[in-house]
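Undergrad: One structure follows; several queries about it will come next.
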Amino acid sequence: MEKLLIDSAAKHVNVNKNKKGFKISPLFDSLWEFMIFLLAAMGALLIIMIFLFILLKSWKIFSASGLQIITTTGFEEQIRQAYNAPADLPVWKFGMLSLIVGTITTTLGALIVAVPAGVGTAVIICEMSSGWLKRFLESSTRLLAAIPSVIYGLVGLMLVVPFISGNLLTVEMQMKYLEYFQLTGNSMLAGIIILSFMIVPMVIALSVDAINAVPKEYREASLALGITKWRTITLVVIPAAKSGILAGVILAAGRGIGEAIALSMVSGASAVLPSLSHGFVFLFTPVLPLASAIVNKSQAISIPSIEAALFACGVILLVMCSFLSICTKIIESVVRRRQGLE
Amino acid sequence: MISKVQTEQAVFDREPVIPEEKTAISIRKVNAWYGNKQVLFDVNMQIKKHRIMAFIGPSGCGKTTLLRCFNRMNDTIRSFRLEGTIKINDTDITTKQADPISIRRKVGMVFQQPNSFPMSIHRNLKLPITENFPNIDKAKIEQIIKQKLQDANLYDEVKDRINRSALKISGGQQQRLCIARMLTIEPEILLFDEPCSALDPLSTNKIEDLLVRIKEKYTVVIVTHNIEQARRIADDVAFFYEGRIVESGTAENIFLVPQTELLERYLSGKI
Amino acid sequence: MNKIRDSLQQSFAWLSALITIVACFSIIVFLFLKGYKAISFEFLTTNPNPTFQAQEAGGILSPMAGTFLITIIGILIALPWAIATAIYLSEYAKKNLITSYLKIAIDVLSGVPTIVIAIFGVALFTMPAFGFLSSMIEGIEGANKAFGKSFFVCSMGMAVMVLPYVIKTCEEAVKAVPVSYREASLALGASKRSTITKVVLPSAKRGIITAVILGMGRIIGDTAIVWLLLGGSIRMTGPQPWWHFANWLDTLKNTGSTLTTYIFFNSPAGEGNKAELAFGASIVLIIIIILLNTVADFIGSRGAVKEE
């Protein structure tokens, strides 16, 4: 293989020398290098452009609302006012607290389900199974990861939501909470369930990578100390894989925060601020996460102030996700340094 | 070549039989395979208590394989198969009924590369203690940790950074930490698989001193590539060649009056 | 006591593995049970109609074509860009601030939600300067704005979305080419450029193909970008017949739908309320994605065998 390549390289060099008209000048070489750098730089500039563009587009919202945008509620009502406002008196003040809380609760709920389950599955894949079972688990995980979010939304809408409204909700509950919100099956719980299935393959994949990267010397050392295989996994292997697993969890959190379509289909699409004082009905509250709000209200995007409000949602989302992306690297290196691996 | 090795097996057979109570490990007719490849041929041996037994021989001759049989570490290799008996305290450890976990508590092992866990030094030592002796109180744990670090000649060097990562100390210190960690589970037999091959001469010295010192309390089996090392510390030596024991006996006999041409050539560095 | 704890932990791990498998299969089975009736030759070969009558709703020909168009154009934009960036990062980049910024930027870009990329597309492509990619809004006084929704625009959004993933996979493929190949070529007097184009890239071919397939999978499955940059029209809005050679530019400058928006539209969440058609389209979408995954696996495993 190597020899073959060297031969082919030699041939090309000769071709360049023989055909005089085809000889490539150093100018062309530096032009090519410049093009490559330009394209790479464009990719890197994209993120700045994205941030600047949507920030500019939503600047009026931020300057009019100030900090209130993240401390007050009433998004639904403000959208309605903005929609009906006369063109010379647009509404610029928005409060997105309920959207932010909706985003955080659905993502956090999904993480609470998906992280233990994902790490557990990864342990089974890496340490406890072999042969067909291992391959079967791996391909199931990959398929779960590849299913488009709109299909998760569809399944959630046709399977999870009817299940919740049919089995978990009673008429009395619906009557009792009618003054706050309508209890349909579309709820935070449905969102959490669907989101868990969407992020679990991510947690599995990154945990599998992290566990496979743990040197077998650690396992041998632990076994030789008379520690059982299972205790070796929980006491030595998983702690040694901690930084990689954490990176997977943060990545999964980013995915959850940014998920728009599936959540807009199942989570209720109504910007209610969920309250723990409602007891377990907290889980049945309809919520509107930031990303879903953009999809949900996009029909009214022709109104300038609503457009700006949706861009403001985008800015908040972008800040949250960029923060998480940067955190991943930092947390990973802090953990590894403390373990002495770096 | 093989026929020659077989005739020289007789050298071993002429040796006097050691009384049972002084035997730590007794090996009878052990054959072993990786898949279809046989790696140990009809090995017989008695390893005596409170002495240092060194396995020497060129690489790939089965020394490490035999060593890993003593604490069933070969269980982790799927294709490995063993016939024959290995007795520790009169129980055969090769059978299915024998519990590898309790065997490994009796037979500690230190590996070629220092393999301290990516945790603090303290946690490295505490982990095997709490796992093997679940009902032990905190003060006792601290006492054992200090005691074993002192046994391994490491306490003074690491006492100020006992809560720092074990991967931050030098290779030699890590290897002594691994020895201390092994000692925490109170084994009877200690296995060393080329413990100094990754270390500098100074660290090697420290570990050799340590081995000589601890043989009062334990039985030590060490695999080494280094003939000088075997000469310095071993009481008994077994010379392996291509999966067979060619010659074994006390260190003086092996090094001063080698009986076989193979051993002579090995000692003079020709194999 | 400890044994109980261990067996509880083990059962939990096995249970979660079981749930992963069961979830995967129940989703597939559920889709098939609900949607197999919708699938017919006609379903695959007719265009959809926006109507309340289920009998006249038509099929998914143009959504499939829409998915195809967006995937192909999106990858055609993203691939050269990604390869150039991967080459820069692995062959030219020196260890300095610019390079580490580049790497962080690509990392952050891969964490940007697709919906944010979608609204970025809205902000960018409604600018009048980009009107040539869609069409200008006419008839509203004072609105100097482009429509901002078309197959072109949507494909560009998709290219931005998959760019970081394709860069990462290409970079790994390029980095996996042994240094000895490069050295051999350079030692023979080849320039750095021809070493890269004639030796490095051909050796990294398999990884680059994998990157393309993974990128295609992501584009096919995305809904948010299509929703905002292609819009909610279920039919092709360009001049009919949309597939005609003479109309291709107009088709691409106008809007339509893809399989994902078709599903969204026909689900109870959209306006169509024809869930059976949504399930039928889901089956088609899942089959396409499984096929792509299988091809990627096949290429990956063949590579692994060859390298052994």
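Labeling convention for the structure tokens: chains A, B, ... as they appear, residues from 1 per chain, ligands from 1 in order of appearance.
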Using only C-alpha atoms, which chain C residues lie at most 7 Å away from chain A, written as a PDB file with N, CA and C atoms, in the first residue's frame?

TA:
ATOM      1  N   ALA C  13     -28.550  -1.488  35.084  1.00  0.00           N
ATOM      2  CA  ALA C  13     -27.812  -1.349  33.823  1.00  0.00           C
ATOM      3  C   ALA C  13     -28.442  -2.211  32.734  1.00  0.00           C
ATOM      4  N   TRP C  14     -28.769  -3.458  33.097  1.00  0.00           N
ATOM      5  CA  TRP C  14     -29.383  -4.322  32.091  1.00  0.00           C
ATOM      6  C   TRP C  14     -30.740  -3.788  31.672  1.00  0.00           C
ATOM      7  N   SER C  16     -31.702  -0.675  31.588  1.00  0.00           N
ATOM      8  CA  SER C  16     -31.609   0.470  30.672  1.00  0.00           C
ATOM      9  C   SER C  16     -31.188   0.021  29.278  1.00  0.00           C
ATOM     10  N   ALA C  17     -30.317  -1.005  29.219  1.00  0.00           N
ATOM     11  CA  ALA C  17     -29.963  -1.525  27.900  1.00  0.00           C
ATOM     12  C   ALA C  17     -31.191  -2.115  27.215  1.00  0.00           C
ATOM     13  N   THR C  20     -33.385   0.590  25.867  1.00  0.00           N
ATOM     14  CA  THR C  20     -32.843   1.153  24.625  1.00  0.00           C
ATOM     15  C   THR C  20     -33.294   0.315  23.434  1.00  0.00           C
ATOM     16  N   ILE C  21     -33.136  -1.005  23.558  1.00  0.00           N
ATOM     17  CA  ILE C  21     -33.523  -1.881  22.451  1.00  0.00           C
ATOM     18  C   ILE C  21     -35.027  -1.822  22.216  1.00  0.00           C
ATOM     19  N   CYS C  24     -36.174   1.422  20.627  1.00  0.00           N
ATOM     20  CA  CYS C  24     -35.820   1.467  19.223  1.00  0.00           C
ATOM     21  C   CYS C  24     -36.822   0.659  18.398  1.00  0.00           C
ATOM     22  N   TRP C  81     -15.873  23.122   1.351  1.00  0.00           N
ATOM     23  CA  TRP C  81     -15.605  24.014   2.468  1.00  0.00           C
ATOM     24  C   TRP C  81     -14.985  23.223   3.632  1.00  0.00           C
ATOM     25  N   ALA C  84     -11.495  21.818   2.821  1.00  0.00           N
ATOM     26  CA  ALA C  84     -10.479  22.870   2.895  1.00  0.00           C
ATOM     27  C   ALA C  84     -10.145  23.188   4.345  1.00  0.00           C
ATOM     28  N   THR C  85     -11.184  23.306   5.185  1.00  0.00           N
ATOM     29  CA  THR C  85     -10.926  23.618   6.592  1.00  0.00           C
ATOM     30  C   THR C  85     -10.151  22.496   7.261  1.00  0.00           C
ATOM     31  N   TYR C  88      -6.628  22.670   6.180  1.00  0.00           N
ATOM     32  CA  TYR C  88      -5.930  23.782   6.828  1.00  0.00           C
ATOM     33  C   TYR C  88      -5.558  23.390   8.257  1.00  0.00           C
ATOM     34  N   LEU C 102      -9.834  29.167  15.862  1.00  0.00           N
ATOM     35  CA  LEU C 102     -10.531  28.426  14.807  1.00  0.00           C
ATOM     36  C   LEU C 102     -11.171  27.155  15.364  1.00  0.00           C
ATOM     37  N   ALA C 105     -14.035  27.958  17.609  1.00  0.00           N
ATOM     38  CA  ALA C 105     -15.176  28.446  16.832  1.00  0.00           C
ATOM     39  C   ALA C 105     -15.937  27.284  16.207  1.00  0.00           C
ATOM     40  N   ILE C 106     -15.204  26.318  15.673  1.00  0.00           N
ATOM     41  CA  ILE C 106     -15.873  25.178  15.036  1.00  0.00           C
ATOM     42  C   ILE C 106     -16.588  24.334  16.088  1.00  0.00           C
ATOM     43  N   ASP C 107     -15.957  24.203  17.253  1.00  0.00           N
ATOM     44  CA  ASP C 107     -16.594  23.495  18.363  1.00  0.00           C
ATOM     45  C   ASP C 107     -17.909  24.141  18.758  1.00  0.00           C
ATOM     46  N   VAL C 108     -17.852  25.471  18.937  1.00  0.00           N
ATOM     47  CA  VAL C 108     -19.062  26.187  19.342  1.00  0.00           C
ATOM     48  C   VAL C 108     -20.114  26.081  18.253  1.00  0.00           C
ATOM     49  N   LEU C 109     -19.673  26.168  16.996  1.00  0.00           N
ATOM     50  CA  LEU C 109     -20.622  26.088  15.876  1.00  0.00           C
ATOM     51  C   LEU C 109     -21.350  24.744  15.894  1.00  0.00           C
ATOM     52  N   GLY C 111     -22.208  23.179  18.391  1.00  0.00           N
ATOM     53  CA  GLY C 111     -23.184  23.158  19.469  1.00  0.00           C
ATOM     54  C   GLY C 111     -24.353  24.106  19.249  1.00  0.00           C
ATOM     55  N   VAL C 112     -24.342  24.855  18.130  1.00  0.00           N
ATOM     56  CA  VAL C 112     -25.427  25.808  17.876  1.00  0.00           C
ATOM     57  C   VAL C 112     -26.671  25.029  17.445  1.00  0.00           C
ATOM     58  N   PRO C 113     -27.809  25.266  18.097  1.00  0.00           N
ATOM     59  CA  PRO C 113     -29.034  24.550  17.721  1.00  0.00           C
ATOM     60  C   PRO C 113     -29.434  24.871  16.283  1.00  0.00           C
ATOM     61  N   ILE C 115     -32.237  25.443  15.103  1.00  0.00           N
ATOM     62  CA  ILE C 115     -33.241  26.497  14.988  1.00  0.00           C
ATOM     63  C   ILE C 115     -32.570  27.870  14.959  1.00  0.00           C
ATOM     64  N   VAL C 116     -31.422  27.990  15.648  1.00  0.00           N
ATOM     65  CA  VAL C 116     -30.699  29.264  15.637  1.00  0.00           C
ATOM     66  C   VAL C 116     -30.083  29.495  14.256  1.00  0.00           C
ATOM     67  N   ILE C 119     -32.899  30.748  12.071  1.00  0.00           N
ATOM     68  CA  ILE C 119     -33.264  32.172  12.127  1.00  0.00           C
ATOM     69  C   ILE C 119     -32.129  33.061  11.646  1.00  0.00           C
ATOM     70  N   PHE C 120     -30.905  32.572  11.781  1.00  0.00           N
ATOM     71  CA  PHE C 120     -29.792  33.307  11.160  1.00  0.00           C
ATOM     72  C   PHE C 120     -30.020  33.375   9.657  1.00  0.00           C
ATOM     73  N   ALA C 123     -32.547  35.956   8.923  1.00  0.00           N
ATOM     74  CA  ALA C 123     -32.000  37.305   9.026  1.00  0.00           C
ATOM     75  C   ALA C 123     -31.150  37.642   7.811  1.00  0.00           C
ATOM     76  N   TYR C 181       3.556   8.563   4.460  1.00  0.00           N
ATOM     77  CA  TYR C 181       3.082   8.801   3.088  1.00  0.00           C
ATOM     78  C   TYR C 181       3.499  10.192   2.637  1.00  0.00           C
ATOM     79  N   ALA C 184       7.204  10.505   2.182  1.00  0.00           N
ATOM     80  CA  ALA C 184       7.644   9.845   0.952  1.00  0.00           C
ATOM     81  C   ALA C 184       7.406  10.746  -0.239  1.00  0.00           C
ATOM     82  N   SER C 185       6.203  11.348  -0.269  1.00  0.00           N
ATOM     83  CA  SER C 185       5.864  12.190  -1.404  1.00  0.00           C
ATOM     84  C   SER C 185       6.731  13.446  -1.446  1.00  0.00           C
ATOM     85  N   LEU C 188      10.165  12.907  -2.636  1.00  0.00           N
ATOM     86  CA  LEU C 188      10.290  12.726  -4.081  1.00  0.00           C
ATOM     87  C   LEU C 188      10.224  14.055  -4.819  1.00  0.00           C
ATOM     88  N   ALA C 190       7.741  16.339  -4.604  1.00  0.00           N
ATOM     89  CA  ALA C 190       6.412  16.883  -4.868  1.00  0.00           C
ATOM     90  C   ALA C 190       6.170  18.070  -3.959  1.00  0.00           C
ATOM     91  N   ARG C 193       1.278  21.126  -2.039  1.00  0.00           N
ATOM     92  CA  ARG C 193      -0.056  21.092  -2.615  1.00  0.00           C
ATOM     93  C   ARG C 193      -0.317  19.766  -3.312  1.00  0.00           C
ATOM     94  N   LYS C 198      -2.701  14.699  -4.226  1.00  0.00           N
ATOM     95  CA  LYS C 198      -2.444  13.427  -4.907  1.00  0.00           C
ATOM     96  C   LYS C 198      -2.229  12.275  -3.936  1.00  0.00           C
ATOM     97  N   VAL C 199      -1.785  12.572  -2.716  1.00  0.00           N
ATOM     98  CA  VAL C 199      -1.482  11.482  -1.777  1.00  0.00           C
ATOM     99  C   VAL C 199      -2.407  11.486  -0.569  1.00  0.00           C
ATOM    100  N   GLY C 221     -32.712  14.520   8.079  1.00  0.00           N
ATOM    101  CA  GLY C 221     -33.541  14.452   9.270  1.00  0.00           C
ATOM    102  C   GLY C 221     -33.949  15.794   9.849  1.00  0.00           C
ATOM    103  N   ASP C 222     -33.395  16.885   9.334  1.00  0.00           N
ATOM    104  CA  ASP C 222     -33.654  18.162   9.986  1.00  0.00           C
ATOM    105  C   ASP C 222     -34.988  18.774   9.555  1.00  0.00           C
ATOM    106  N   THR C 223     -35.671  19.356  10.539  1.00  0.00           N
ATOM    107  CA  THR C 223     -36.952  19.988  10.246  1.00  0.00           C
ATOM    108  C   THR C 223     -36.908  21.494  10.453  1.00  0.00           C
ATOM    109  N   ALA C 224     -36.190  21.919  11.503  1.00  0.00           N
ATOM    110  CA  ALA C 224     -36.266  23.327  11.901  1.00  0.00           C
ATOM    111  C   ALA C 224     -35.806  24.255  10.785  1.00  0.00           C
ATOM    112  N   THR C 260     -39.556  15.745   5.983  1.00  0.00           N
ATOM    113  CA  THR C 260     -39.759  16.102   7.388  1.00  0.00           C
ATOM    114  C   THR C 260     -40.870  17.135   7.559  1.00  0.00           C
ATOM    115  N   PHE C 264     -44.459  16.846   9.526  1.00  0.00           N
ATOM    116  CA  PHE C 264     -44.879  17.839  10.508  1.00  0.00           C
ATOM    117  C   PHE C 264     -46.242  18.411  10.122  1.00  0.00           C
ATOM    118  N   SER C 267     -49.125  15.864  10.571  1.00  0.00           N
ATOM    119  CA  SER C 267     -49.375  15.370  11.923  1.00  0.00           C
ATOM    120  C   SER C 267     -50.397  16.294  12.579  1.00  0.00           C
ATOM    121  N   ALA C 269     -49.961  18.122  14.897  1.00  0.00           N
ATOM    122  CA  ALA C 269     -49.332  19.379  15.284  1.00  0.00           C
ATOM    123  C   ALA C 269     -49.408  20.401  14.159  1.00  0.00           C
ATOM    124  N   SER C 282     -43.099   8.861   7.313  1.00  0.00           N
ATOM    125  CA  SER C 282     -42.078   8.523   8.311  1.00  0.00           C
ATOM    126  C   SER C 282     -41.394   7.214   7.967  1.00  0.00           C
ATOM    127  N   ILE C 286     -37.492   6.817   7.501  1.00  0.00           N
ATOM    128  CA  ILE C 286     -36.690   5.901   8.325  1.00  0.00           C
ATOM    129  C   ILE C 286     -35.920   4.936   7.421  1.00  0.00           C
TER     130      ILE C 286
END

Undergrad: Per residue of chain A within 10 Å of chain B, record the nearest atom pair and its distance in Å to one decimal, counting only C-alpha atoms, with rows in chain order and ascending residue number, as CSV.

TA:
residue,atom,partner,partner_atom,distance
A:Pro215,CA,B:Asn115,CA,9.4
A:Lys216,CA,B:Asn115,CA,9.6
A:Glu217,CA,B:Asn115,CA,5.9
A:Tyr218,CA,B:Asn115,CA,6.1
A:Arg219,CA,B:Phe117,CA,9.3
A:Glu220,CA,B:Met73,CA,7.7
A:Ala221,CA,B:Asn115,CA,6.4
A:Ser222,CA,B:Pro128,CA,8.0
A:Leu223,CA,B:Arg104,CA,7.7
A:Ala224,CA,B:Arg104,CA,5.7
A:Leu225,CA,B:Arg104,CA,6.2
A:Gly226,CA,B:Arg104,CA,4.8
A:Ile227,CA,B:Glu131,CA,6.6
A:Thr228,CA,B:Ile101,CA,6.6
A:Lys229,CA,B:Ile101,CA,9.3
A:Arg231,CA,B:Glu131,CA,8.4
A:Leu235,CA,B:Leu127,CA,8.1
A:Val236,CA,B:Phe117,CA,7.2
A:Val237,CA,B:Phe117,CA,9.4
A:Pro239,CA,B:Pro118,CA,8.3
A:Ala240,CA,B:Pro118,CA,6.3
A:Ala241,CA,B:Pro118,CA,9.8
A:Arg336,CA,B:Pro118,CA,8.8
A:Arg337,CA,B:Ser165,CA,8.8
A:Arg338,CA,B:Ser165,CA,6.6
A:Gln339,CA,B:Pro118,CA,5.0
A:Gly340,CA,B:Leu167,CA,5.1
A:Leu341,CA,B:Pro118,CA,7.0
A:Glu342,CA,B:Leu167,CA,9.2

Undergrad: Please, which residues of region 205-270 of chain B, numbered as in this document, come out strand (DSSP E or B) from DSSP, as a list of chain:residue names?

TA: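 Matching residues, listed in order: B:Thr219, B:Val220, B:Val221, B:Ile222, B:Val223, B:Asp236, B:Val237, B:Ala238, B:Phe239, B:Phe240, B:Tyr241, B:Arg244, B:Ile245, B:Val246, B:Glu247, B:Ser248, B:Gly249, B:Thr250.
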
Undergrad: CA of Thr258 (chain C) to CA of Ser155 (chain C): how many Å, to one decimal?

TA: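 Computing it gives 11.7 Å between the two atoms.
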
Undergrad: Mind dumping a table of every chain C residue within 12 Å of chain B, with the nearest atom pair and its distance in Å to one decimal, using only C-alpha atoms, sorted by chain and rising number, as a tab-separated table?

TA:
residue	atom	partner	partner_atom	distance
C:Met1	CA	B:Pro134	CA	10.4
C:Asn2	CA	B:Pro134	CA	8.9
C:Lys3	CA	B:Pro134	CA	11.8

Undergrad: Export, as a compact mmCIF listing (two decimals), in the first residue's frame, the selected residues with N, CA and C atoms.

TA:
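Saved as result-v4.txt:
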# COMPACT_ATOMS: atom_id res chain seq x y z
N MET C 1 -25.63 -7.39 52.03
CA MET C 1 -25.95 -5.97 51.85
C MET C 1 -25.27 -5.42 50.60
N ASN C 2 -23.94 -5.62 50.54
CA ASN C 2 -23.22 -5.17 49.35
C ASN C 2 -23.66 -5.93 48.11
N LYS C 3 -23.99 -7.22 48.33
CA LYS C 3 -24.42 -8.02 47.19
C LYS C 3 -25.73 -7.51 46.64

Undergrad: To one decimal place, how far is CA of Pro258 (chain B) from CA of Val237 (chain B) in Å?

TA: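 Distance between the two atoms: 11.4 Å.
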